[in-house]
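First comes the structure, then the notes that go with it.
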Amino acid sequence: MAARLSLTSSPSSVTAANTRLDSPPITTSRLSFSSPLRSSPIISQSHYPFIHRNKSVIRLARGNYSSTVSSPKCFASNIDQLKSAREDIKQLLESTFCHPILVRLGWHDAGTFNKNIEEWPQRGGANGSLRFEIEQKHAANAGLVNAVKLLQPIKDKYPGVTYADLFQLASATAVEEAGGPKIPMKYGRVDASGPEQCPEEGRLPDAGPPSPAAHLRDVFYRMGLNDKEIVALSGAHTLGRSRPERSGWGKPETKYTKDGPGAPGGQSWTAQWLKFDNSYFKDIKERRDADLLVLPTDAVLFEDPAFKVYAEKYAEDQKAFFEDYAEAHAKLSNGGAKFDPPEGFSLDAPRGPVPEKFSAAKYSSGKRELSDAMKEKIRAEYQAVGGSPDKPLQSNYFLNIMIVIAVLAILTSLLGN
Ligand code: HEM
């Protein structure tokens, strides 16, 4: 079990941590770390000091973004900029392996939600308030200033994206890029406007409270989350490490962390701590390796009878874990946030009118599907006369025949005269 040094980091230790970016350069040898991430270029420390590498990532992506592209409506965040920011985040992840700290950033911005407070932003939730120094100095947030620093160039590049959305986008993208489930995210979160709108310290959970189960329920029920969601969300510790100089928890380094990737050191919950899978639950259950971390709030997931049902299930069934995690992550990310538009919007839903389902084939013999080219031709012909492939033209054949007969009769009588 990890020794708890001090939960409230001293200002000096926070500052020390803050001066170090989360993921210093990696060397070629570190790339032997097994992860599901897309193959990354081999980066050598001597060639790419971290900060420069990070900047170059942003510069590379700059060419892709066109400020002339704009959303049809003016929401809290611009949808096109959000999509471009997502691509930049993917590049940042690929080059710095900062998945865990971005997930923690999103969680700590959102996890201040108090459902018993009606007013926004007093009720907390994802509102970007973690960009302010006063909140970064809360003991629970030690080290997260580094995550904000990593995202700041992306924020500068896409000013039409709110911090609140950017933090949540980064977190969901990190989970997905690490091999986790697709999170059904929505966007349009409004930012808290100043440090005076930051929540008071103490809303996030403590890793070693006297009664871990009761403490987790106190904190997460306050966010409107239930036992299943507490267990599923705890599974995010499949990623990342705990660092004694930040939270006071974990070993300075282990065989799994001494070589990075990213900044070496800390103690991880799982062996492959950049891979999002269900190994967190398996490892806590088995306790097979003293190099893997188990916080009191992790251990209780297999001790409390109600939590245990889910923890056992997730250890057995990764698909069930992924489904429940994705749902709980989205719920956490939305709780307390103020959306503009109020219903939020998705980055993945099709924009503009959804093309009508092509059903001209129903007029064919039914034995053979029409080729796409043929469908297009038929569609164009229908549309040229104001029709649509799935409904017959608005014509009255009987009336047409009567008109033709009448015209013929008139012509005959005229010619007869
Ligand atoms: C259940 C209550 C929780 C407690 C008590 C807790 C506590 C902690 C602690 C002490 C650390 C180490 C921080 C450090 O030293 O840098 C940590 C890291 C982390 N936590 Fe949690 N956490 C909890 C829930 C969550 C949830 C709900 C998520 C996400 C949905 C999450 C995601 C993470 C991640 C990804 C890291 C690794 C960060 C890194 O490697 O930089 N945690 N957590």
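Going by the structure tokens order, chains are called A, B, ..., each with residues numbered from 1, while ligands are numbered from 1 in the order shown.
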
Please identify every residue of chain A that has at least one atom no farther than 6 Å from an atom of ligand 1, counting only C-alpha atoms and all ligand atoms, and for each give the shortest atom pair and the distance in Å to one decimal, arranged by chain then increasing number, as a Markdown table.
| residue | atom | partner | partner_atom_place_in_ligand_line | distance |
| --- | --- | --- | --- | --- |
| A:Pro100 | CA | ligand 1 | 35 (C) | 4.0 |
| A:Ile101 | CA | ligand 1 | 41 (O) | 3.8 |
| A:Val103 | CA | ligand 1 | 35 (C) | 4.9 |
| A:Arg104 | CA | ligand 1 | 32 (C) | 4.5 |
| A:Trp107 | CA | ligand 1 | 29 (C) | 5.2 |
| A:Pro205 | CA | ligand 1 | 5 (C) | 4.9 |
| A:Asp206 | CA | ligand 1 | 5 (C) | 4.7 |
| A:Ala207 | CA | ligand 1 | 5 (C) | 3.5 |
| A:Leu233 | CA | ligand 1 | 27 (C) | 4.5 |
| A:Ser234 | CA | ligand 1 | 27 (C) | 4.9 |
| A:Ala236 | CA | ligand 1 | 29 (C) | 4.8 |
| A:His237 | CA | ligand 1 | 34 (C) | 5.2 |
| A:Leu239 | CA | ligand 1 | 35 (C) | 5.1 |
| A:Gly240 | CA | ligand 1 | 40 (O) | 3.3 |
| A:Arg241 | CA | ligand 1 | 40 (O) | 3.9 |
| A:Ser242 | CA | ligand 1 | 15 (O) | 3.6 |
| A:Arg243 | CA | ligand 1 | 15 (O) | 3.8 |
| A:Pro244 | CA | ligand 1 | 15 (O) | 5.9 |
| A:Arg246 | CA | ligand 1 | 15 (O) | 4.6 |
| A:Ser247 | CA | ligand 1 | 15 (O) | 3.9 |
| A:Trp249 | CA | ligand 1 | 10 (C) | 5.8 |
| A:Thr297 | CA | ligand 1 | 5 (C) | 5.6 |

Written file, previous selection with N, CA and C atoms, as a PDB file, in the first residue's frame:
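Saved the output as selection-v8.pdb:
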ATOM      1  N   PRO A 100      -3.608  10.768 -19.419  1.00  0.00           N
ATOM      2  CA  PRO A 100      -4.143  10.719 -18.046  1.00  0.00           C
ATOM      3  C   PRO A 100      -4.417  12.101 -17.451  1.00  0.00           C
ATOM      4  N   ILE A 101      -3.482  13.019 -17.633  1.00  0.00           N
ATOM      5  CA  ILE A 101      -3.676  14.304 -16.949  1.00  0.00           C
ATOM      6  C   ILE A 101      -4.816  15.095 -17.602  1.00  0.00           C
ATOM      7  N   VAL A 103      -7.539  13.692 -18.741  1.00  0.00           N
ATOM      8  CA  VAL A 103      -8.765  13.089 -18.183  1.00  0.00           C
ATOM      9  C   VAL A 103      -8.999  13.642 -16.774  1.00  0.00           C
ATOM     10  N   ARG A 104      -7.918  13.740 -16.025  1.00  0.00           N
ATOM     11  CA  ARG A 104      -8.058  14.255 -14.649  1.00  0.00           C
ATOM     12  C   ARG A 104      -8.493  15.722 -14.657  1.00  0.00           C
ATOM     13  N   TRP A 107     -12.206  15.876 -15.351  1.00  0.00           N
ATOM     14  CA  TRP A 107     -12.934  15.375 -14.171  1.00  0.00           C
ATOM     15  C   TRP A 107     -12.927  16.412 -13.047  1.00  0.00           C
ATOM     16  N   PRO A 205     -13.221  14.515  -4.130  1.00  0.00           N
ATOM     17  CA  PRO A 205     -13.015  13.473  -3.110  1.00  0.00           C
ATOM     18  C   PRO A 205     -11.595  13.391  -2.573  1.00  0.00           C
ATOM     19  N   ASP A 206     -11.506  12.901  -1.359  1.00  0.00           N
ATOM     20  CA  ASP A 206     -10.233  12.641  -0.697  1.00  0.00           C
ATOM     21  C   ASP A 206      -9.933  11.153  -0.905  1.00  0.00           C
ATOM     22  N   ALA A 207      -8.675  10.815  -1.167  1.00  0.00           N
ATOM     23  CA  ALA A 207      -8.345   9.413  -1.450  1.00  0.00           C
ATOM     24  C   ALA A 207      -8.272   8.543  -0.196  1.00  0.00           C
ATOM     25  N   LEU A 233     -16.807   5.213 -13.076  1.00  0.00           N
ATOM     26  CA  LEU A 233     -15.893   6.364 -13.234  1.00  0.00           C
ATOM     27  C   LEU A 233     -14.540   6.105 -12.573  1.00  0.00           C
ATOM     28  N   SER A 234     -14.558   5.383 -11.462  1.00  0.00           N
ATOM     29  CA  SER A 234     -13.278   5.071 -10.807  1.00  0.00           C
ATOM     30  C   SER A 234     -12.376   4.296 -11.753  1.00  0.00           C
ATOM     31  N   ALA A 236     -11.495   5.015 -14.514  1.00  0.00           N
ATOM     32  CA  ALA A 236     -10.597   5.906 -15.266  1.00  0.00           C
ATOM     33  C   ALA A 236      -9.171   5.792 -14.735  1.00  0.00           C
ATOM     34  N   HIS A 237      -9.016   5.249 -13.527  1.00  0.00           N
ATOM     35  CA  HIS A 237      -7.661   5.050 -12.987  1.00  0.00           C
ATOM     36  C   HIS A 237      -6.921   3.924 -13.702  1.00  0.00           C
ATOM     37  N   LEU A 239      -5.935   4.572 -16.375  1.00  0.00           N
ATOM     38  CA  LEU A 239      -4.941   5.473 -16.964  1.00  0.00           C
ATOM     39  C   LEU A 239      -4.169   6.192 -15.863  1.00  0.00           C
ATOM     40  N   GLY A 240      -2.905   6.438 -16.111  1.00  0.00           N
ATOM     41  CA  GLY A 240      -2.172   7.416 -15.303  1.00  0.00           C
ATOM     42  C   GLY A 240      -1.519   6.901 -14.043  1.00  0.00           C
ATOM     43  N   ARG A 241      -0.990   7.871 -13.321  1.00  0.00           N
ATOM     44  CA  ARG A 241      -0.157   7.588 -12.155  1.00  0.00           C
ATOM     45  C   ARG A 241      -0.458   8.579 -11.046  1.00  0.00           C
ATOM     46  N   SER A 242      -0.103   8.190  -9.857  1.00  0.00           N
ATOM     47  CA  SER A 242      -0.167   9.104  -8.725  1.00  0.00           C
ATOM     48  C   SER A 242       1.269   9.479  -8.370  1.00  0.00           C
ATOM     49  N   ARG A 243       1.446  10.758  -8.032  1.00  0.00           N
ATOM     50  CA  ARG A 243       2.804  11.238  -7.732  1.00  0.00           C
ATOM     51  C   ARG A 243       2.838  11.799  -6.318  1.00  0.00           C
ATOM     52  N   PRO A 244       3.758  11.292  -5.496  1.00  0.00           N
ATOM     53  CA  PRO A 244       3.836  11.756  -4.109  1.00  0.00           C
ATOM     54  C   PRO A 244       4.008  13.271  -4.000  1.00  0.00           C
ATOM     55  N   ARG A 246       2.737  15.467  -5.785  1.00  0.00           N
ATOM     56  CA  ARG A 246       1.503  16.182  -6.110  1.00  0.00           C
ATOM     57  C   ARG A 246       0.422  15.877  -5.080  1.00  0.00           C
ATOM     58  N   SER A 247      -0.068  14.639  -5.102  1.00  0.00           N
ATOM     59  CA  SER A 247      -1.197  14.312  -4.231  1.00  0.00           C
ATOM     60  C   SER A 247      -0.746  13.788  -2.881  1.00  0.00           C
ATOM     61  N   TRP A 249       0.179  10.716  -2.655  1.00  0.00           N
ATOM     62  CA  TRP A 249      -0.086   9.280  -2.772  1.00  0.00           C
ATOM     63  C   TRP A 249       0.830   8.659  -3.817  1.00  0.00           C
ATOM     64  N   THR A 297      -9.864   4.502  -1.577  1.00  0.00           N
ATOM     65  CA  THR A 297     -11.126   4.663  -2.316  1.00  0.00           C
ATOM     66  C   THR A 297     -11.211   3.715  -3.513  1.00  0.00           C
TER      67      THR A 297
END

Problem - Exercise: Gly188 in chain A partners within 6 Å, only C-alpha atoms, chain neighbours under 3 positions left out, as a PyMOL selection string - result: chain A and resi 76-77+339-340+344

Practice task
Write down as a ChimeraX atom specification the residues belonging to range 218-331 of chain A that are assigned alpha helix (DSSP H) by DSSP computed on the backbone.
Solution key: /A:218-222,227-234,279-286,296-299,305-316,318-331

Next, the residues of the selection above should be written as a CSV table (one decimal), in the first residue's frame with C-alpha atoms.
chain,number,residue,atom,x,y,z
A,218,ASP,CA,-21.4,11.9,-0.1
A,219,VAL,CA,-19.3,13.4,-2.9
A,220,PHE,CA,-20.7,11.7,-6.0
A,221,TYR,CA,-24.4,11.7,-4.9
A,222,ARG,CA,-23.9,15.4,-4.5
A,227,ASP,CA,-23.2,3.7,-7.1
A,228,LYS,CA,-22.9,2.2,-10.6
A,229,GLU,CA,-21.5,5.5,-11.9
A,230,ILE,CA,-19.1,5.8,-9.0
A,231,VAL,CA,-17.6,2.4,-9.7
A,232,ALA,CA,-17.5,2.9,-13.5
A,233,LEU,CA,-15.9,6.4,-13.2
A,234,SER,CA,-13.3,5.1,-10.8
A,279,SER,CA,-7.4,-3.9,-16.1
A,280,TYR,CA,-7.9,-1.5,-13.2
A,281,PHE,CA,-10.7,-3.7,-11.8
A,282,LYS,CA,-8.8,-6.9,-12.5
A,283,ASP,CA,-5.6,-5.6,-10.8
A,284,ILE,CA,-7.4,-4.3,-7.7
A,285,LYS,CA,-9.2,-7.5,-7.3
A,286,GLU,CA,-6.1,-9.7,-7.6
A,296,PRO,CA,-8.4,3.3,0.0
A,297,THR,CA,-11.1,4.7,-2.3
A,298,ASP,CA,-10.1,2.1,-4.9
A,299,ALA,CA,-10.0,-0.8,-2.5
A,305,PRO,CA,-21.4,-4.8,-1.1
A,306,ALA,CA,-23.2,-2.5,-3.5
A,307,PHE,CA,-20.1,-1.2,-5.2
A,308,LYS,CA,-18.7,-4.8,-5.4
A,309,VAL,CA,-21.5,-6.0,-7.7
A,310,TYR,CA,-20.3,-3.5,-10.4
A,311,ALA,CA,-16.6,-3.9,-9.7
A,312,GLU,CA,-16.8,-7.7,-10.1
A,313,LYS,CA,-18.9,-7.2,-13.3
A,314,TYR,CA,-16.4,-4.8,-14.8
A,315,ALA,CA,-13.4,-7.1,-14.0
A,316,GLU,CA,-15.2,-9.8,-15.9
A,318,GLN,CA,-14.9,-5.0,-20.4
A,319,LYS,CA,-17.8,-4.4,-22.8
A,320,ALA,CA,-20.1,-3.7,-19.8
A,321,PHE,CA,-17.5,-1.4,-18.3
A,322,PHE,CA,-17.1,0.5,-21.5
A,323,GLU,CA,-20.8,1.0,-21.9
A,324,ASP,CA,-21.4,2.2,-18.3
A,325,TYR,CA,-18.2,4.3,-18.3
A,326,ALA,CA,-19.2,6.2,-21.5
A,327,GLU,CA,-22.6,7.0,-20.1
A,328,ALA,CA,-21.2,8.0,-16.7
A,329,HIS,CA,-18.5,10.1,-18.2
A,330,ALA,CA,-20.9,12.1,-20.3
A,331,LYS,CA,-23.2,12.6,-17.3

Fill in the blank from the handout: Shortest contact to Glu176 in chain A, candidates A:Ala271, A:Gly266, A:Ala406, A:Lys90, atoms counted only C-alpha atoms, goes to A:Lys90

Practice task
Mind checking which residues fall within 8 Å of Phe167 in chain A, counting only C-alpha atoms, ignoring those fewer than 3 positions away in the same chain, and posting them as a list in words?
Solution key: Leu102, Leu105, Gly106, Asp109, Gly128, Tyr163, Ala164, Ala170 and Ser171 of chain A

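Closest to Pro159 in chain A among A:Leu82, A:Pro342, A:Thr412, A:Asn116 is A:Leu82, based on only C-alpha atoms.
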
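When CA of Gly262 in chain A is paired with CA of Leu93 in chain A, their separation reads 10.4 Å.
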
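Using only C-alpha atoms, the smallest distance between any of A:Val161, A:Gln168, A:Asn127, A:Tyr256 and Pro195 in chain A comes from A:Asn127.
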
From the DSSP assignment of the backbone, select every residue of range 241-338 of chain A that is strand (DSSP E or B), and format the answer as a JSON list (two decimals) with C-alpha atoms, in the first residue's frame.
[["chain", "number", "residue", "atom", "x", "y", "z"],
["A", 241, "ARG", "CA", -0.16, 7.59, -12.16],
["A", 242, "SER", "CA", -0.17, 9.10, -8.73],
["A", 267, "GLN", "CA", 2.85, 4.86, -9.27],
["A", 268, "SER", "CA", 0.24, 3.59, -11.68]]

Problem - Point-to-point distance in Å for CA of Asp277 in chain A and CA of Gly179 in chain A - result: 7.2 Å
